[in-house]
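Novice: Dropping the structure in here first, questions after.
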Amino acid sequence: METLAAAGAAAAVLSARWNWWRPRVKGLPVLMYHKVGDYPAGSKLKSLWVSAEAFRKQLEYLKRRGYTPLLFSEWRAAELGQKPLPERPVMITFDDGYANNHAVAFPLLKEFGMKANIFLVHETLDTHNSWHDPESEPWIPMLSTSMLGEMQDSGLVEFGSHTMRHRNLTALSLEEVSWELKESKKRLEQKLGREMLGFAYPYGAGAYHPEIRRLARKAGYRYDFGIKQGIAPLPWDPESGPIKRLFVRGDDYMLDFHLNMTRGRARF
Ligand SMILES: [Zn+2]
């Protein structure tokens, strides 16, 4: 009886904390990462830092369960009927384009033969995360142009746009929004020699603002990503709204990761 009561209590705690009871969700799980490695002293955004060990465990999980990470161009090729989607697709995305994506994540992607997509803030390339107040989040190096070339040439990484300056799009005029969307697409395409198919809204802001979203589509992005939690439906219809993602937090357990991947949500 005592063990039963203990099991009951444990189940109650699990229910209150994790969404294990939700039904499994089919579709395309899109993982959202930011920074990989150990967070610097003074960081107030620790949940945005995923350690190298945690990232390795997550890649191991994906490999063990037979997931195949997709690049934007592979998703597009499948939509156009050129090449079928893998049986268990997943998409790995990184927002902002920190140099630690190259130093820490890229070697692990190579080791596992896994692919990822990175959203760049054009004006921060070769410099630092200047949109952050250094009082709350220390400035750290962003990807350099040569790192972009190395990653793209590996065939394991593709890039998308995260605007020119990482402004909150809902705080700008529609003219400025249009510039952020179009100028970053044009400049990145010049720099990388590839079409920018993907776009992520900084802070997720504007993803559900009809005018801003219309401008993002008009700028020519095929895939627009928000920060709403969930698994994207497959096939995805742009009319159904921006692509949902699974926020991978620095303090996640593997149980959180598993529930995100299978239920679209780990915690309340
Ligand atoms: Zn961002």
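Labels for the structure tokens follow display order: chains A, B, ..., residues from 1 in each chain, ligands from 1.
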All residues within 9 Å of ligand 1 are required, counting only C-alpha atoms and all ligand atoms; please report them as a PyMOL selection string.

Specialist: chain A and resi 34+94-97+119-121+162+166+200-204

Novice: What are the DSSP strand (DSSP E) residues of region 7-191 of chain A, as a ChimeraX atom specification?

Specialist: /A:30-33,35-36,49-50,68-69,89-96,116-120,157-161

Novice: Restrict the calculation to only C-alpha atoms, then for each residue of region 160-200 of chain A with any atom at most 10 Å from an atom of region 142-153 of chain A give the closest atom pair and their distance in Å to one decimal, rows by chain and rising residue number, as CSV.

Specialist:
```
residue,atom,partner,partner_atom,distance
A:Lys191,CA,A:Thr145,CA,8.2
A:Leu192,CA,A:Gly149,CA,7.3
A:Arg194,CA,A:Gln152,CA,9.7
```

Novice: Using only C-alpha atoms, pick whichever of A:Leu80, A:Val36, A:Ala7, A:Leu71 has the shortest atom-to-atom distance to Glu53 (chain A).

Specialist: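 Of all the options, A:Val36 lies closest to Glu53 (chain A).
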
Novice: What does the structure give for the distance between CA of Leu197 (chain A) and CA of Thr124 (chain A), in Å to one decimal?

Specialist: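 Separation between CA of Leu197 (chain A) and CA of Thr124 (chain A): 19.9 Å.
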